[in-house]
file protein_28.cif (mmCIF, C-alpha atoms and all ligand atoms)
data_query
loop_
_atom_site.label_atom_id
_atom_site.label_comp_id
_atom_site.auth_asym_id
_atom_site.auth_seq_id
_atom_site.Cartn_x
_atom_site.Cartn_y
_atom_site.Cartn_z
CA MET A 212 2.78 16.72 -12.15
CA LYS A 213 1.66 14.17 -9.56
CA VAL A 214 -1.70 12.40 -9.40
CA THR A 215 -2.91 10.24 -6.53
CA LYS A 216 -5.64 7.64 -6.14
CA ILE A 217 -6.74 6.29 -2.76
CA PHE A 218 -7.80 2.71 -2.02
CA THR A 219 -9.05 0.95 1.10
CA PHE A 220 -9.06 -2.71 2.04
CA ASP A 221 -9.85 -4.71 5.16
CA SER A 222 -7.47 -7.37 6.41
CA ALA A 223 -6.68 -9.33 9.53
CA HIS A 224 -3.20 -10.00 10.88
CA ASN A 225 -1.05 -10.44 13.92
CA LEU A 226 2.56 -9.49 14.39
CA VAL A 227 5.03 -12.28 15.11
CA ASN A 228 8.06 -12.00 17.38
CA TYR A 229 6.28 -9.06 18.96
CA ASN A 230 5.53 -8.49 22.60
CA GLY A 231 2.36 -6.44 22.89
CA LYS A 232 -1.27 -6.19 21.89
CA CYS A 233 -0.50 -6.55 18.17
CA GLU A 234 0.68 -10.15 18.64
CA GLU A 235 -3.03 -10.98 18.98
CA LEU A 236 -5.26 -11.45 15.94
CA HIS A 237 -6.83 -8.13 14.93
CA GLY A 238 -7.94 -6.24 11.85
CA HIS A 239 -7.41 -2.96 10.07
CA THR A 240 -9.09 -0.94 7.38
CA TYR A 241 -5.92 -0.09 5.52
CA LYS A 242 -5.75 2.97 3.29
CA LEU A 243 -3.32 3.03 0.35
CA GLU A 244 -2.38 6.23 -1.48
CA VAL A 245 -0.78 5.64 -4.88
CA THR A 246 0.98 8.61 -6.48
CA VAL A 247 2.14 8.63 -10.10
CA GLU A 248 4.39 11.35 -11.54
CA GLY A 249 4.54 12.36 -15.18
CA LYS A 250 3.58 14.72 -17.96
CA PRO A 251 -0.10 15.07 -18.87
CA ASP A 252 -0.88 13.67 -22.34
CA GLU A 253 -2.83 15.52 -25.08
CA GLU A 254 -6.06 14.71 -23.19
CA GLY A 255 -4.65 16.26 -20.02
CA MET A 256 -4.04 13.06 -18.05
CA VAL A 257 -0.84 11.88 -16.39
CA ILE A 258 -2.56 8.48 -16.10
CA ASP A 259 -6.26 7.77 -16.41
CA PHE A 260 -7.62 7.26 -12.86
CA VAL A 261 -9.74 4.40 -14.25
CA LYS A 262 -6.62 2.62 -15.53
CA LEU A 263 -4.79 3.32 -12.27
CA LYS A 264 -7.68 1.80 -10.32
CA GLU A 265 -7.73 -1.33 -12.49
CA ILE A 266 -3.99 -1.92 -12.13
CA VAL A 267 -3.78 -1.37 -8.37
CA SER A 268 -6.95 -3.35 -7.69
CA GLU A 269 -5.70 -6.32 -9.69
CA LYS A 270 -2.09 -6.35 -8.51
CA VAL A 271 -2.59 -5.48 -4.85
CA ILE A 272 -6.05 -4.81 -3.42
CA LYS A 273 -7.84 -7.99 -4.52
CA ARG A 274 -5.01 -10.08 -3.10
CA LEU A 275 -5.28 -8.50 0.36
CA ASP A 276 -8.91 -7.47 0.87
CA HIS A 277 -10.71 -9.69 3.42
CA LYS A 278 -7.63 -11.86 3.78
CA TYR A 279 -5.60 -13.03 6.77
CA LEU A 280 -2.28 -11.43 5.87
CA ASN A 281 -0.18 -13.95 7.81
CA GLU A 282 -1.40 -16.57 5.31
CA VAL A 283 -0.69 -14.36 2.30
CA PHE A 284 2.88 -13.37 3.24
CA GLU A 285 5.86 -15.23 4.61
CA PHE A 286 7.29 -12.04 6.12
CA ASN A 287 6.09 -10.34 9.29
CA THR A 288 3.05 -8.29 8.29
CA THR A 289 4.23 -4.87 9.41
CA CYS A 290 3.07 -1.80 7.55
CA GLU A 291 6.65 -1.34 6.28
CA ASN A 292 7.00 -4.88 4.91
CA ILE A 293 3.59 -4.79 3.22
CA LEU A 294 4.42 -1.43 1.68
CA LEU A 295 7.70 -2.70 0.24
CA TRP A 296 5.87 -5.68 -1.29
CA MET A 297 3.34 -3.28 -2.83
CA TRP A 298 6.12 -1.15 -4.29
CA ASN A 299 7.69 -4.19 -5.95
CA GLU A 300 4.31 -5.30 -7.32
CA LEU A 301 3.46 -1.89 -8.77
CA LYS A 302 6.68 -0.18 -9.85
CA ASP A 303 6.97 -1.83 -13.28
CA VAL A 304 3.28 -1.82 -14.17
CA LEU A 305 3.04 1.86 -13.25
CA THR A 306 6.04 2.92 -15.31
CA GLU A 307 5.67 4.05 -18.93
CA ASP A 308 7.61 6.53 -21.08
CA ARG A 309 5.48 9.41 -19.81
CA TYR A 310 4.92 8.49 -16.14
CA ARG A 311 6.27 6.44 -13.24
CA LEU A 312 5.27 5.31 -9.78
CA TYR A 313 6.35 8.14 -7.48
CA LYS A 314 5.12 7.35 -3.97
CA LEU A 315 3.10 4.85 -1.96
CA LYS A 316 1.66 5.67 1.44
CA LEU A 317 0.01 2.94 3.50
CA TRP A 318 -2.14 3.85 6.48
CA GLU A 319 -2.55 0.99 8.96
CA THR A 320 -4.69 3.03 11.33
CA SER A 321 -5.93 6.62 11.21
CA THR A 322 -2.79 7.63 13.12
CA SER A 323 -0.09 5.30 11.71
CA PHE A 324 1.36 5.11 8.22
CA ALA A 325 4.49 4.23 6.23
CA GLU A 326 5.51 5.82 2.94
CA ILE A 327 8.05 4.98 0.28
CA THR A 328 9.56 6.60 -2.81
CA GLU A 329 12.38 5.52 -5.12
CA GLU A 330 14.82 7.44 -2.90
CA ASP A 331 14.12 5.09 0.03
CA LEU A 332 15.36 2.03 -1.83
N1 LIG J 1 6.61 0.43 12.91
C1 LIG J 1 5.50 -0.32 13.11
N2 LIG J 1 5.00 -0.43 14.33
C2 LIG J 1 3.86 -1.14 14.53
C3 LIG J 1 3.22 -1.76 13.46
C4 LIG J 1 3.81 -1.65 12.17
O1 LIG J 1 3.32 -2.19 11.17
N3 LIG J 1 4.93 -0.93 12.04
N4 LIG J 1 2.06 -2.41 13.67
C5 LIG J 1 1.47 -2.46 14.84
C6 LIG J 1 0.14 -3.13 14.99
O2 LIG J 1 -0.22 -3.82 13.81
C7 LIG J 1 -1.04 -2.23 15.45
O3 LIG J 1 -2.26 -2.70 14.92
C8 LIG J 1 -0.97 -0.79 15.12
O4 LIG J 1 -0.69 -0.15 16.32
P1 LIG J 1 -1.11 1.34 16.69
O5 LIG J 1 -0.72 2.29 15.59
O6 LIG J 1 -0.57 1.59 18.02
O7 LIG J 1 -2.71 1.26 16.67
P2 LIG J 1 -3.73 1.96 17.66
O8 LIG J 1 -5.09 1.74 17.09
O9 LIG J 1 -3.51 1.50 19.04
O10 LIG J 1 -3.36 3.50 17.49
P3 LIG J 1 -3.77 4.76 18.34
O11 LIG J 1 -4.27 5.77 17.33
O12 LIG J 1 -2.49 5.24 18.98
O13 LIG J 1 -4.82 4.37 19.32
C9 LIG J 1 2.13 -1.94 16.04
N5 LIG J 1 3.34 -1.24 15.78
ZN ZN J 2 -2.10 -4.38 13.24
#

call {"tool": "encode", "arguments": {"input": "protein_28.cif", "output": "structure tokens", "more": "lines below"}}
Ligand SMILES: Nc1nc2c(c(=O)[nH]1)N=C([C@H](O)[C@H](O)COP(=O)(O)OP(=O)(O)OP(=O)(O)O)CN2
Ligand SMILES: [Zn+2]
result
Amino acid sequence: MKVTKIFTFDSAHNLVNYNGKCEELHGHTYKLEVTVEGKPDEEGMVIDFVKLKEIVSEKVIKRLDHKYLNEVFEFNTTCENILLWMWNELKDVLTEDRYRLYKLKLWETSTSFAEITEEDL
């Protein structure tokens, strides 16, 4: 079974080596969907949503919310690069005997997103 929790955070960035409007400083309200796959335990939970929120908030959201992403990362702050960093931050802490990180989906705008699963790596 798969369970998903959704997070939002606000960040500023600008793309480098890019010719277009996104080379200028601008901001997004990013939306992150975190999906964990596993077997429900005796209480009927794949992973407690409260625990999932604590982990993702600590490892990812607090580090990016209200930040200028170009100062946080050395890589170009595309949706794809940020998503790959998130995957690497979360994959081990969201893997236990009974469950594992299944998918991340990062919305940069309401019409643009990137998604990743183990198969993409
Ligand atoms: N493959 C990628 N392409 C672009 C990225 C990216 O991360 N990966 N990022 C940008 C810019 O950051 C830009 O802010 C997003 O552009 P866009 O989706 O075009 O945003 P709009 O608000 O203009 O979207 P519309 O819904 O089409 O108005 C650019 N490209
Ligand atoms: Zn942008």

call {"tool": "residues_near_ligand", "arguments": {"input": "protein_28.cif", "ligand": "ligand LIG 1 (chain J)", "cutoff": "9 Å", "atoms": "all atoms listed in the file", "output": "list in words"}}
result
His224, Asn225, Leu226, Tyr229, Gly231, Lys232, Cys233, Glu234, His237, Gly238, His239, Asn287, Thr288, Thr289, Cys290, Glu291, Asn292, Ile293, Glu319, Thr320, Ser321, Thr322, Ser323, Phe324 and Ala325 of chain A

call {"tool": "closest_residue", "arguments": {"input": "protein_28.cif", "among": "A:Tyr241, A:Phe284, A:Phe260, A:Tyr313", "to": "ligand ZN 2 (chain J)", "atoms": "all atoms listed in the file"}}
result
A:Tyr241

call {"tool": "residues_around", "arguments": {"input": "protein_28.cif", "residues": "A:Arg309", "least_positions_apart": "6", "cutoff": "10 Å", "atoms": "only C-alpha atoms", "output": "list in words"}}
result
Glu248, Gly249, Lys250, Pro251, Asp252, Val257 and Ile258 of chain A

call {"tool": "write_last_selection", "arguments": {"input": "protein_28.cif", "atoms": "C-alpha atoms", "output": "short mmCIF file (atom, residue, chain, number, x, y, z; two decimals), keeping the file's coordinate frame"}}
result
data_model
loop_
_atom_site.label_atom_id
_atom_site.label_comp_id
_atom_site.auth_asym_id
_atom_site.auth_seq_id
_atom_site.Cartn_x
_atom_site.Cartn_y
_atom_site.Cartn_z
CA GLU A 248 4.39 11.35 -11.54
CA GLY A 249 4.54 12.36 -15.18
CA LYS A 250 3.58 14.72 -17.96
CA PRO A 251 -0.10 15.07 -18.87
CA ASP A 252 -0.88 13.67 -22.34
CA VAL A 257 -0.84 11.88 -16.39
CA ILE A 258 -2.56 8.48 -16.10
#

call {"tool": "closest_residue", "arguments": {"input": "protein_28.cif", "among": "A:Ser268, A:Thr306, A:Asn281, A:Thr328", "to": "A:Val227", "atoms": "all atoms listed in the file"}}
result
A:Asn281

call {"tool": "closest_residue", "arguments": {"input": "protein_28.cif", "among": "A:Ile327, A:Leu315, A:Lys213, A:Met297", "to": "A:Leu275", "atoms": "all atoms listed in the file"}}
result
A:Met297

call {"tool": "closest_residue", "arguments": {"input": "protein_28.cif", "among": "A:Glu253, A:Glu235, A:Asp303, A:Glu282", "to": "A:Val267", "atoms": "all atoms listed in the file"}}
result
A:Asp303

call {"tool": "atom_distance", "arguments": {"input": "protein_28.cif", "atom1": "atom CA of A:Asp331", "atom2": "atom CA of A:Ile272"}}
result
22.7 Å

call {"tool": "axis_aligned_box", "arguments": {"input": "protein_28.cif", "around": "stretch 252-260 of chain A", "padding_each_side": "6 Å", "output": "lines of an AutoDock Vina configuration file"}}
result
center_x = -4.2
center_y = 11.8
center_z = -19.0
size_x = 18.8
size_y = 21.0
size_z = 24.2

call {"tool": "closest_residue", "arguments": {"input": "protein_28.cif", "among": "A:Ser222, A:His277, A:Lys262, A:Leu295", "to": "ligand ZN 2 (chain J)", "atoms": "all atoms listed in the file"}}
result
A:Ser222

call {"tool": "closest_residue", "arguments": {"input": "protein_28.cif", "among": "A:Ile266, A:Trp318, A:Val304, A:Leu332", "to": "ligand ZN 2 (chain J)", "atoms": "all atoms listed in the file"}}
result
A:Trp318

call {"tool": "atom_distance", "arguments": {"input": "protein_28.cif", "atom1": "atom CA of A:Gly255", "atom2": "atom CA of A:Met212"}}
result
10.8 Å

call {"tool": "atom_distance", "arguments": {"input": "protein_28.cif", "atom1": "atom CA of A:Lys314", "atom2": "atom CA of A:Trp296"}}
result
13.3 Å

call {"tool": "decode", "arguments": {"input": "protein_28.cif", "residues": "chain A", "atoms": "C-alpha atoms", "output": "mmCIF file, in the first residue's frame"}}
result
data_model
loop_
_atom_site.group_PDB
_atom_site.id
_atom_site.type_symbol
_atom_site.label_atom_id
_atom_site.label_comp_id
_atom_site.auth_asym_id
_atom_site.auth_seq_id
_atom_site.Cartn_x
_atom_site.Cartn_y
_atom_site.Cartn_z
ATOM 1 C CA MET A 212 0.000 0.000 0.000
ATOM 2 C CA LYS A 213 1.164 3.559 -0.652
ATOM 3 C CA VAL A 214 0.643 6.586 1.591
ATOM 4 C CA THR A 215 1.419 10.182 0.665
ATOM 5 C CA LYS A 216 1.911 13.386 2.629
ATOM 6 C CA ILE A 217 2.037 16.811 0.994
ATOM 7 C CA PHE A 218 4.258 19.716 2.069
ATOM 8 C CA THR A 219 4.660 23.276 0.840
ATOM 9 C CA PHE A 220 7.525 25.711 1.202
ATOM 10 C CA ASP A 221 8.392 29.123 -0.204
ATOM 11 C CA SER A 222 11.802 29.798 -1.702
ATOM 12 C CA ALA A 223 13.543 32.240 -3.989
ATOM 13 C CA HIS A 224 15.962 31.308 -6.751
ATOM 14 C CA ASN A 225 17.259 32.104 -10.180
ATOM 15 C CA LEU A 226 18.534 29.729 -12.813
ATOM 16 C CA VAL A 227 22.149 30.090 -13.907
ATOM 17 C CA ASN A 228 23.451 29.524 -17.425
ATOM 18 C CA TYR A 229 19.887 30.088 -18.553
ATOM 19 C CA ASN A 230 18.631 32.496 -21.150
ATOM 20 C CA GLY A 231 15.112 33.559 -20.253
ATOM 21 C CA LYS A 232 12.911 35.007 -17.544
ATOM 22 C CA CYS A 233 14.012 32.431 -14.956
ATOM 23 C CA GLU A 234 17.562 33.825 -14.900
ATOM 24 C CA GLU A 235 16.059 36.690 -12.883
ATOM 25 C CA LEU A 236 15.450 36.400 -9.150
ATOM 26 C CA HIS A 237 11.956 35.057 -8.480
ATOM 27 C CA GLY A 238 10.085 32.870 -6.031
ATOM 28 C CA HIS A 239 7.898 29.792 -5.904
ATOM 29 C CA THR A 240 5.560 28.134 -3.478
ATOM 30 C CA TYR A 241 6.878 24.638 -4.023
ATOM 31 C CA LYS A 242 4.711 21.617 -3.287
ATOM 32 C CA LEU A 243 6.352 18.311 -2.344
ATOM 33 C CA GLU A 244 4.481 15.000 -2.379
ATOM 34 C CA VAL A 245 6.219 12.231 -0.424
ATOM 35 C CA THR A 246 4.979 8.678 -1.033
ATOM 36 C CA VAL A 247 5.988 5.739 1.156
ATOM 37 C CA GLU A 248 5.222 2.116 0.234
ATOM 38 C CA GLY A 249 4.847 -0.730 2.698
ATOM 39 C CA LYS A 250 2.640 -3.051 4.689
ATOM 40 C CA PRO A 251 0.328 -1.569 7.325
ATOM 41 C CA ASP A 252 1.344 -2.534 10.877
ATOM 42 C CA GLU A 253 -1.009 -3.976 13.537
ATOM 43 C CA GLU A 254 -2.399 -0.450 14.069
ATOM 44 C CA GLY A 255 -3.148 -0.132 10.366
ATOM 45 C CA MET A 256 -0.401 2.328 9.440
ATOM 46 C CA VAL A 257 2.248 2.021 6.734
ATOM 47 C CA ILE A 258 3.981 4.948 8.463
ATOM 48 C CA ASP A 259 2.445 7.352 10.954
ATOM 49 C CA PHE A 260 1.732 10.624 9.084
ATOM 50 C CA VAL A 261 2.965 12.486 12.180
ATOM 51 C CA LYS A 262 6.330 10.712 11.999
ATOM 52 C CA LEU A 263 6.498 11.263 8.232
ATOM 53 C CA LYS A 264 5.870 14.983 8.750
ATOM 54 C CA GLU A 265 8.595 15.249 11.402
ATOM 55 C CA ILE A 266 11.193 13.511 9.242
ATOM 56 C CA VAL A 267 10.502 15.422 6.033
ATOM 57 C CA SER A 268 10.213 18.753 7.827
ATOM 58 C CA GLU A 269 13.535 18.268 9.588
ATOM 59 C CA LYS A 270 15.531 16.830 6.694
ATOM 60 C CA VAL A 271 14.185 18.951 3.846
ATOM 61 C CA ILE A 272 11.505 21.584 4.433
ATOM 62 C CA LYS A 273 13.159 23.590 7.221
ATOM 63 C CA ARG A 274 16.338 23.811 5.182
ATOM 64 C CA LEU A 275 14.571 25.312 2.156
ATOM 65 C CA ASP A 276 11.588 27.305 3.442
ATOM 66 C CA HIS A 277 12.096 31.080 3.107
ATOM 67 C CA LYS A 278 15.602 30.540 1.770
ATOM 68 C CA TYR A 279 17.436 31.746 -1.324
ATOM 69 C CA LEU A 280 18.139 28.381 -2.923
ATOM 70 C CA ASN A 281 21.204 29.575 -4.841
ATOM 71 C CA GLU A 282 22.872 30.094 -1.446
ATOM 72 C CA VAL A 283 21.779 26.694 -0.144
ATOM 73 C CA PHE A 284 22.949 24.620 -3.129
ATOM 74 C CA GLU A 285 26.045 24.602 -5.279
ATOM 75 C CA PHE A 286 24.139 23.059 -8.191
ATOM 76 C CA ASN A 287 21.751 24.883 -10.518
ATOM 77 C CA THR A 288 18.432 25.068 -8.674
ATOM 78 C CA THR A 289 16.233 23.319 -11.217
ATOM 79 C CA CYS A 290 13.263 21.325 -10.039
ATOM 80 C CA GLU A 291 15.073 18.144 -11.149
ATOM 81 C CA ASN A 292 18.277 18.879 -9.217
ATOM 82 C CA ILE A 293 16.404 19.845 -6.054
ATOM 83 C CA LEU A 294 14.309 16.697 -6.309
ATOM 84 C CA LEU A 295 17.377 14.473 -6.609
ATOM 85 C CA TRP A 296 18.886 16.139 -3.523
ATOM 86 C CA MET A 297 15.629 15.509 -1.640
ATOM 87 C CA TRP A 298 15.651 11.852 -2.663
ATOM 88 C CA ASN A 299 19.177 11.412 -1.320
ATOM 89 C CA GLU A 300 18.256 13.164 1.938
ATOM 90 C CA LEU A 301 15.142 11.069 2.515
ATOM 91 C CA LYS A 302 15.726 7.596 1.087
ATOM 92 C CA ASP A 303 17.566 6.135 4.092
ATOM 93 C CA VAL A 304 15.515 7.811 6.813
ATOM 94 C CA LEU A 305 12.298 6.663 5.137
ATOM 95 C CA THR A 306 13.378 3.042 4.781
ATOM 96 C CA GLU A 307 12.597 0.468 7.478
ATOM 97 C CA ASP A 308 11.910 -3.279 7.347
ATOM 98 C CA ARG A 309 8.229 -2.660 6.673
ATOM 99 C CA TYR A 310 8.297 0.404 4.388
ATOM 100 C CA ARG A 311 10.456 2.412 1.990
ATOM 101 C CA LEU A 312 10.455 5.725 0.174
ATOM 102 C CA TYR A 313 8.562 5.057 -3.061
ATOM 103 C CA LYS A 314 8.148 8.366 -4.884
ATOM 104 C CA LEU A 315 8.812 12.089 -4.600
ATOM 105 C CA LYS A 316 6.981 14.644 -6.714
ATOM 106 C CA LEU A 317 8.041 18.282 -6.608
ATOM 107 C CA TRP A 318 5.773 20.964 -8.026
ATOM 108 C CA GLU A 319 7.615 24.177 -8.882
ATOM 109 C CA THR A 320 4.488 25.908 -10.161
ATOM 110 C CA SER A 321 0.883 24.771 -10.456
ATOM 111 C CA THR A 322 1.687 23.546 -13.969
ATOM 112 C CA SER A 323 5.275 22.220 -13.660
ATOM 113 C CA PHE A 324 6.608 19.289 -11.678
ATOM 114 C CA ALA A 325 9.320 16.617 -11.578
ATOM 115 C CA GLU A 326 8.939 13.167 -10.047
ATOM 116 C CA ILE A 327 11.342 10.411 -9.108
ATOM 117 C CA THR A 328 11.208 6.779 -8.007
ATOM 118 C CA GLU A 329 13.938 4.190 -7.434
ATOM 119 C CA GLU A 330 13.571 3.120 -11.081
ATOM 120 C CA ASP A 331 14.784 6.530 -12.283
ATOM 121 C CA LEU A 332 18.159 6.184 -10.601
#
